[in-house]
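What follows is a set of notes on a single structure, which appears directly below.
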Amino acid sequence: AAIPPDLTQQLNDPNPVIDEALLEQMIRFLGAAVLAAVIQSAAAVLASAGSVRAVAEIYLGTAPDWRASLSFAGRRLPAILLTGFLIIVAIGALSVGVWLVAGVTASASGALAVLAIVAWLIVVPWLAISWAPAIPVLVVEGSSPTEALARSFSLVRGRWWPTFGTLLTTWLIVAVLSGVASRILQAFLPEGNGVIAGMAVSVVIAVATTPFVVSVLAVLYFDLRTRREPFDLDRLAAEIGTSPPSNLEESPPPPLPPTPDRPDWPPLPPSPGE
């Protein structure tokens with residue numbers, strides 16, 4: 001959410017006067033920002049595991065059960081949090097290292113600094129896309145966080161560009177819908193509570209769009225997996241801890257028509273009375 005205009009103006013004032021009203025507004029803004037971040041993170045984590053379970057049940061031909069999905073999400077919650085933490089730490093440490101190198105070498109060698117930044121612009125998106133299916137891998141296959149990262153990397157290898165295109169399209173759809181929804185929701189909110197209202201709109205949009213994004217990741221994971229290895233419904237049901245649907249017993253196929261390569265050729269005429 002954006003910082004309120006009056007707060008921005010006072011913060012940019014060369015001779016600021018921190019009065020009680022400004023301090024209260026700053027505290028409200030920071031509190032709302034922290035609350036929104038916590039709610040969005042919790043929604044993202046629960047939706048990640050729950051949506052993957054629901055998509056897996058759809059693959060099995062059964063109706064998703066939201067209670068079973070949330071229960072399943074709760075059991076994988078620590079592993080999901082640790083996986084997200086590892087991704088953030090890895091990409092963050094790489095980013096800090098690259099920008100430190102760029103800053104140190106900028107005065108001595110501008111070309112080296114530019115090269116470091118270009119490398120960062122290549123490596124970070126490459127890692128982010130390669131690790132995108134890590135949460136579905138973790139949820140479905142029950143692997144550890146480090147195993148999920150390695151497995152995700154293996155699944156995306158050779159399919160990086162199609163994966164990037166799918167995620168970019170998803171991001172554009174979410175960005176457009178979020179922008180439209182934000183305008184509509186803010187039009188109905190009362191005046192004078194800009195900070196809280198803005199945070200509330202952000203939380204509502206995040207909660208609404210997160211299941212869609214995670215469902216796309218789940219479908220992407222199943223697509224990548226079926227392209228690389230044999231995959232059947234019995235195995236999927238075993239991995240997510242459910243039973244495959246019981247199919248009705250199929251009727252035997254009709255007999256094949258007589259052909260010259262079969263011993264009953266030529267077909268015998270029907271006997272009298274048949």
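We label chains A, B, ... in the order they appear in the structure tokens, count residues from 1 in each chain, and number ligands from 1 in the order shown.
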Neighbouring residues of range 154-166 of chain A were defined as those with any atom within 8 Å, considering only C-alpha atoms; residues of the same chain fewer than 4 positions away were excluded. Please report them as a compact mmCIF listing (two decimals) with N, CA, C and O atoms, in the first residue's frame.
```txt
# COMPACT_ATOMS: atom_id res chain seq x y z
N ILE A 129 12.71 -18.97 -11.32
CA ILE A 129 11.85 -19.82 -12.15
C ILE A 129 12.16 -21.29 -11.90
O ILE A 129 11.25 -22.13 -11.84
N SER A 130 13.43 -21.62 -11.73
CA SER A 130 13.81 -23.02 -11.49
C SER A 130 13.25 -23.54 -10.18
O SER A 130 12.99 -24.75 -10.05
N ALA A 150 16.02 -29.11 -5.01
CA ALA A 150 16.78 -29.85 -6.03
C ALA A 150 15.86 -30.53 -7.04
O ALA A 150 16.13 -30.52 -8.24
N THR A 170 0.70 -15.64 -15.95
CA THR A 170 -0.05 -15.65 -14.69
C THR A 170 0.13 -14.34 -13.94
O THR A 170 -0.84 -13.76 -13.42
N LEU A 220 1.31 -26.69 -13.33
CA LEU A 220 2.62 -26.65 -13.98
C LEU A 220 3.50 -27.79 -13.47
O LEU A 220 4.20 -28.44 -14.26
N LEU A 224 5.10 -30.73 -15.77
CA LEU A 224 6.54 -30.99 -15.84
C LEU A 224 6.86 -32.43 -15.43
O LEU A 224 7.72 -33.08 -16.02
N ARG A 225 6.15 -32.92 -14.46
CA ARG A 225 6.43 -34.27 -13.96
C ARG A 225 6.02 -35.34 -14.98
O ARG A 225 6.76 -36.30 -15.20
N ARG A 228 8.48 -36.03 -17.75
CA ARG A 228 9.80 -36.58 -17.44
C ARG A 228 9.76 -38.02 -16.96
O ARG A 228 10.77 -38.71 -17.03
```
Looking only at the backbone, which of the residues in range 106-233 of chain A does DSSP tag as helix (DSSP H, G or I), as a PyMOL selection string? chain A and resi 110-130+134-141+145-156+160-187+194-228+233
Within 10 Å of range 87-96 of chain A, counting only C-alpha atoms, which residues qualify if same-chain residues fewer than 6 places away don't, as JSON, numbers by chain? {"A": [102, 117, 120, 121, 123, 124, 125, 127, 128, 131, 132, 134, 145, 146, 149]}
Can you write out the residues you just picked, keeping all heavy atoms, as a JSON list (two decimals), in the first residue's frame?
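Saved to result38.json:
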```
[["chain", "number", "residue", "atom", "x", "y", "z"],
["A", 102, "ALA", "N", 29.62, -4.98, -7.04],
["A", 102, "ALA", "CA", 29.43, -3.87, -7.98],
["A", 102, "ALA", "C", 29.81, -2.54, -7.34],
["A", 102, "ALA", "O", 30.44, -1.69, -7.98],
["A", 102, "ALA", "CB", 27.98, -3.84, -8.46],
["A", 117, "ILE", "N", 26.31, -6.76, -12.39],
["A", 117, "ILE", "CA", 24.87, -6.46, -12.40],
["A", 117, "ILE", "C", 24.16, -7.27, -13.48],
["A", 117, "ILE", "O", 23.07, -7.80, -13.26],
["A", 117, "ILE", "CB", 24.65, -4.95, -12.60],
["A", 117, "ILE", "CG1", 25.20, -4.17, -11.40],
["A", 117, "ILE", "CG2", 23.18, -4.65, -12.80],
["A", 117, "ILE", "CD1", 25.16, -2.67, -11.57],
["A", 120, "TRP", "N", 23.74, -10.70, -12.28],
["A", 120, "TRP", "CA", 22.64, -10.76, -11.31],
["A", 120, "TRP", "C", 21.28, -10.78, -12.00],
["A", 120, "TRP", "O", 20.38, -11.53, -11.60],
["A", 120, "TRP", "CB", 22.74, -9.55, -10.37],
["A", 120, "TRP", "CG", 21.63, -9.47, -9.36],
["A", 120, "TRP", "CD1", 21.56, -10.15, -8.18],
["A", 120, "TRP", "CD2", 20.46, -8.66, -9.44],
["A", 120, "TRP", "NE1", 20.40, -9.82, -7.52],
["A", 120, "TRP", "CE2", 19.72, -8.91, -8.26],
["A", 120, "TRP", "CE3", 19.97, -7.76, -10.38],
["A", 120, "TRP", "CZ2", 18.50, -8.28, -8.02],
["A", 120, "TRP", "CZ3", 18.76, -7.13, -10.13],
["A", 120, "TRP", "CH2", 18.04, -7.39, -8.96],
["A", 121, "LEU", "N", 21.13, -9.97, -13.05],
["A", 121, "LEU", "CA", 19.87, -9.92, -13.79],
["A", 121, "LEU", "C", 19.57, -11.24, -14.50],
["A", 121, "LEU", "O", 18.41, -11.51, -14.84],
["A", 121, "LEU", "CB", 19.91, -8.78, -14.80],
["A", 121, "LEU", "CG", 19.92, -7.36, -14.22],
["A", 121, "LEU", "CD1", 20.10, -6.33, -15.34],
["A", 121, "LEU", "CD2", 18.63, -7.08, -13.45],
["A", 123, "VAL", "N", 21.03, -14.48, -13.36],
["A", 123, "VAL", "CA", 21.02, -15.61, -12.43],
["A", 123, "VAL", "C", 19.79, -15.59, -11.53],
["A", 123, "VAL", "O", 19.17, -16.64, -11.28],
["A", 123, "VAL", "CB", 22.31, -15.60, -11.58],
["A", 123, "VAL", "CG1", 22.24, -16.67, -10.49],
["A", 123, "VAL", "CG2", 23.52, -15.82, -12.47],
["A", 124, "VAL", "N", 19.40, -14.43, -11.02],
["A", 124, "VAL", "CA", 18.26, -14.38, -10.09],
["A", 124, "VAL", "C", 16.96, -14.83, -10.74],
["A", 124, "VAL", "O", 16.25, -15.69, -10.18],
["A", 124, "VAL", "CB", 18.14, -12.96, -9.48],
["A", 124, "VAL", "CG1", 16.81, -12.80, -8.75],
["A", 124, "VAL", "CG2", 19.30, -12.70, -8.52],
["A", 125, "PRO", "N", 16.57, -14.32, -11.92],
["A", 125, "PRO", "CA", 15.36, -14.87, -12.55],
["A", 125, "PRO", "C", 15.48, -16.35, -12.87],
["A", 125, "PRO", "O", 14.50, -17.09, -12.76],
["A", 125, "PRO", "CB", 15.22, -14.03, -13.83],
["A", 125, "PRO", "CG", 15.96, -12.77, -13.56],
["A", 125, "PRO", "CD", 17.10, -13.18, -12.69],
["A", 127, "LEU", "N", 17.14, -18.66, -11.20],
["A", 127, "LEU", "CA", 16.90, -19.42, -9.98],
["A", 127, "LEU", "C", 15.44, -19.34, -9.55],
["A", 127, "LEU", "O", 14.85, -20.35, -9.12],
["A", 127, "LEU", "CB", 17.79, -18.89, -8.85],
["A", 127, "LEU", "CG", 19.28, -19.22, -8.94],
["A", 127, "LEU", "CD1", 20.03, -18.55, -7.80],
["A", 127, "LEU", "CD2", 19.50, -20.73, -8.91],
["A", 128, "ALA", "N", 14.85, -18.16, -9.65],
["A", 128, "ALA", "CA", 13.46, -18.00, -9.21],
["A", 128, "ALA", "C", 12.52, -18.90, -10.00],
["A", 128, "ALA", "O", 11.62, -19.54, -9.44],
["A", 128, "ALA", "CB", 13.04, -16.54, -9.34],
["A", 131, "TRP", "N", 13.09, -22.68, -9.20],
["A", 131, "TRP", "CA", 12.56, -23.10, -7.90],
["A", 131, "TRP", "C", 11.07, -22.86, -7.76],
["A", 131, "TRP", "O", 10.50, -23.13, -6.69],
["A", 131, "TRP", "CB", 13.30, -22.36, -6.78],
["A", 131, "TRP", "CG", 14.69, -22.87, -6.55],
["A", 131, "TRP", "CD1", 15.17, -24.12, -6.85],
["A", 131, "TRP", "CD2", 15.78, -22.16, -5.96],
["A", 131, "TRP", "NE1", 16.48, -24.24, -6.49],
["A", 131, "TRP", "CE2", 16.90, -23.04, -5.94],
["A", 131, "TRP", "CE3", 15.95, -20.88, -5.45],
["A", 131, "TRP", "CZ2", 18.14, -22.68, -5.43],
["A", 131, "TRP", "CZ3", 17.19, -20.52, -4.95],
["A", 131, "TRP", "CH2", 18.26, -21.41, -4.94],
["A", 132, "ALA", "N", 10.41, -22.40, -8.80],
["A", 132, "ALA", "CA", 8.98, -22.08, -8.70],
["A", 132, "ALA", "C", 8.13, -23.29, -8.30],
["A", 132, "ALA", "O", 7.20, -23.15, -7.50],
["A", 132, "ALA", "CB", 8.49, -21.48, -10.03],
["A", 134, "ALA", "N", 8.79, -25.67, -6.35],
["A", 134, "ALA", "CA", 9.30, -26.31, -5.13],
["A", 134, "ALA", "C", 8.20, -26.62, -4.13],
["A", 134, "ALA", "O", 8.21, -27.69, -3.50],
["A", 134, "ALA", "CB", 10.37, -25.42, -4.49],
["A", 145, "PRO", "N", 12.78, -29.75, 2.50],
["A", 145, "PRO", "CA", 12.95, -28.49, 1.76],
["A", 145, "PRO", "C", 14.11, -28.50, 0.78],
["A", 145, "PRO", "O", 13.97, -28.07, -0.36],
["A", 145, "PRO", "CB", 13.16, -27.46, 2.87],
["A", 145, "PRO", "CG", 12.40, -28.02, 4.03],
["A", 145, "PRO", "CD", 12.59, -29.50, 3.94],
["A", 146, "THR", "N", 15.26, -29.01, 1.20],
["A", 146, "THR", "CA", 16.41, -29.03, 0.27],
["A", 146, "THR", "C", 16.17, -29.99, -0.88],
["A", 146, "THR", "O", 16.54, -29.72, -2.02],
["A", 146, "THR", "CB", 17.69, -29.41, 1.03],
["A", 146, "THR", "OG1", 17.48, -30.65, 1.73],
["A", 146, "THR", "CG2", 18.06, -28.33, 2.03],
["A", 149, "LEU", "N", 13.86, -28.30, -3.41],
["A", 149, "LEU", "CA", 14.54, -27.33, -4.27],
["A", 149, "LEU", "C", 15.32, -28.04, -5.38],
["A", 149, "LEU", "O", 15.29, -27.62, -6.54],
["A", 149, "LEU", "CB", 15.47, -26.46, -3.43],
["A", 149, "LEU", "CG", 14.80, -25.52, -2.41],
["A", 149, "LEU", "CD1", 15.84, -24.78, -1.60],
["A", 149, "LEU", "CD2", 13.87, -24.55, -3.11]]
```
Report, in Å with one decimal, the straight-line distance from CA of Ile205 in chain A to CA of Leu86 in chain A.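 Rounded to one decimal, the two atoms are 25.9 Å apart.
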Between CA of Ser152 in chain A and CA of Ile80 in chain A - distance in Å to one decimal: 13.8 Å
Neighbour list for Phe222 in chain A as a PyMOL selection string, cut-off 10 Å, only C-alpha atoms, skip fewer than 2 positions in-chain: chain A and resi 55-56+59+133+136-137+140+155+217-220+224-227+231
Please produce a file of the residues just selected, as a short mmCIF file (atom, residue, chain, number, x, y, z; two decimals), in the first residue's frame, where the atoms kept are N, CA and C atoms.
```cif
data_model
loop_
_atom_site.label_atom_id
_atom_site.label_comp_id
_atom_site.auth_asym_id
_atom_site.auth_seq_id
_atom_site.Cartn_x
_atom_site.Cartn_y
_atom_site.Cartn_z
N VAL A 55 -5.89 -29.49 -6.28
CA VAL A 55 -5.62 -29.79 -7.69
C VAL A 55 -5.29 -31.28 -7.86
N ALA A 56 -4.56 -31.85 -6.91
CA ALA A 56 -4.25 -33.27 -6.98
C ALA A 56 -5.52 -34.12 -6.91
N TYR A 59 -7.19 -34.07 -10.20
CA TYR A 59 -6.51 -35.01 -11.09
C TYR A 59 -7.01 -36.43 -10.86
N PRO A 133 8.36 -24.50 -8.85
CA PRO A 133 7.52 -25.64 -8.45
C PRO A 133 7.93 -26.29 -7.12
N PRO A 136 4.83 -27.21 -4.69
CA PRO A 136 4.09 -28.41 -5.09
C PRO A 136 4.89 -29.70 -4.92
N VAL A 137 6.19 -29.65 -5.22
CA VAL A 137 7.03 -30.84 -5.01
C VAL A 137 7.02 -31.23 -3.53
N VAL A 140 3.33 -32.61 -2.54
CA VAL A 140 2.89 -33.87 -3.15
C VAL A 140 3.84 -35.00 -2.82
N LEU A 155 13.13 -30.73 -12.48
CA LEU A 155 11.92 -30.75 -13.31
C LEU A 155 11.91 -29.62 -14.34
N LEU A 217 0.75 -23.07 -10.37
CA LEU A 217 2.01 -23.75 -10.05
C LEU A 217 1.80 -25.25 -9.92
N ALA A 218 0.66 -25.65 -9.33
CA ALA A 218 0.40 -27.08 -9.16
C ALA A 218 0.20 -27.76 -10.51
N VAL A 219 -0.61 -27.14 -11.38
CA VAL A 219 -0.82 -27.70 -12.71
C VAL A 219 0.50 -27.74 -13.49
N LEU A 220 1.31 -26.69 -13.33
CA LEU A 220 2.62 -26.65 -13.98
C LEU A 220 3.50 -27.79 -13.47
N LEU A 224 5.10 -30.73 -15.77
CA LEU A 224 6.54 -30.99 -15.84
C LEU A 224 6.86 -32.43 -15.43
N ARG A 225 6.15 -32.92 -14.46
CA ARG A 225 6.43 -34.27 -13.96
C ARG A 225 6.02 -35.34 -14.98
N THR A 226 4.85 -35.18 -15.58
CA THR A 226 4.41 -36.19 -16.55
C THR A 226 5.26 -36.19 -17.81
N ARG A 227 5.94 -35.10 -18.09
CA ARG A 227 6.81 -35.05 -19.26
C ARG A 227 8.14 -35.78 -19.02
N PHE A 231 3.81 -41.62 -14.61
CA PHE A 231 3.05 -41.03 -13.51
C PHE A 231 1.61 -41.51 -13.64
#
```
CA of Arg151 in chain A to CA of Ala116 in chain A, straight-line distance in Å: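 Calculated distance between CA of Ala116 in chain A and CA of Arg151 in chain A is 28.0 Å.
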Selected residue, from A:Leu77, A:Val101, A:Leu112, A:Ile240, that lies nearest to Arg53 in chain A when counting only C-alpha atoms: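 Of A:Leu77, A:Val101, A:Leu112, A:Ile240, the one nearest Arg53 in chain A, counting only C-alpha atoms, is A:Ile240.
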Nearest-residue call for Arg183 in chain A, choices A:Val216, A:Leu168, A:Ser202, A:Ser69, using only C-alpha atoms: A:Ser202
Considering only C-alpha atoms, can you say which of A:Ser51, A:Arg76, A:Ala175, A:Ala237 comes closest to Ser215 in chain A?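 Once distances to Ser215 in chain A are computed over only C-alpha atoms, the minimum belongs to A:Ser51.
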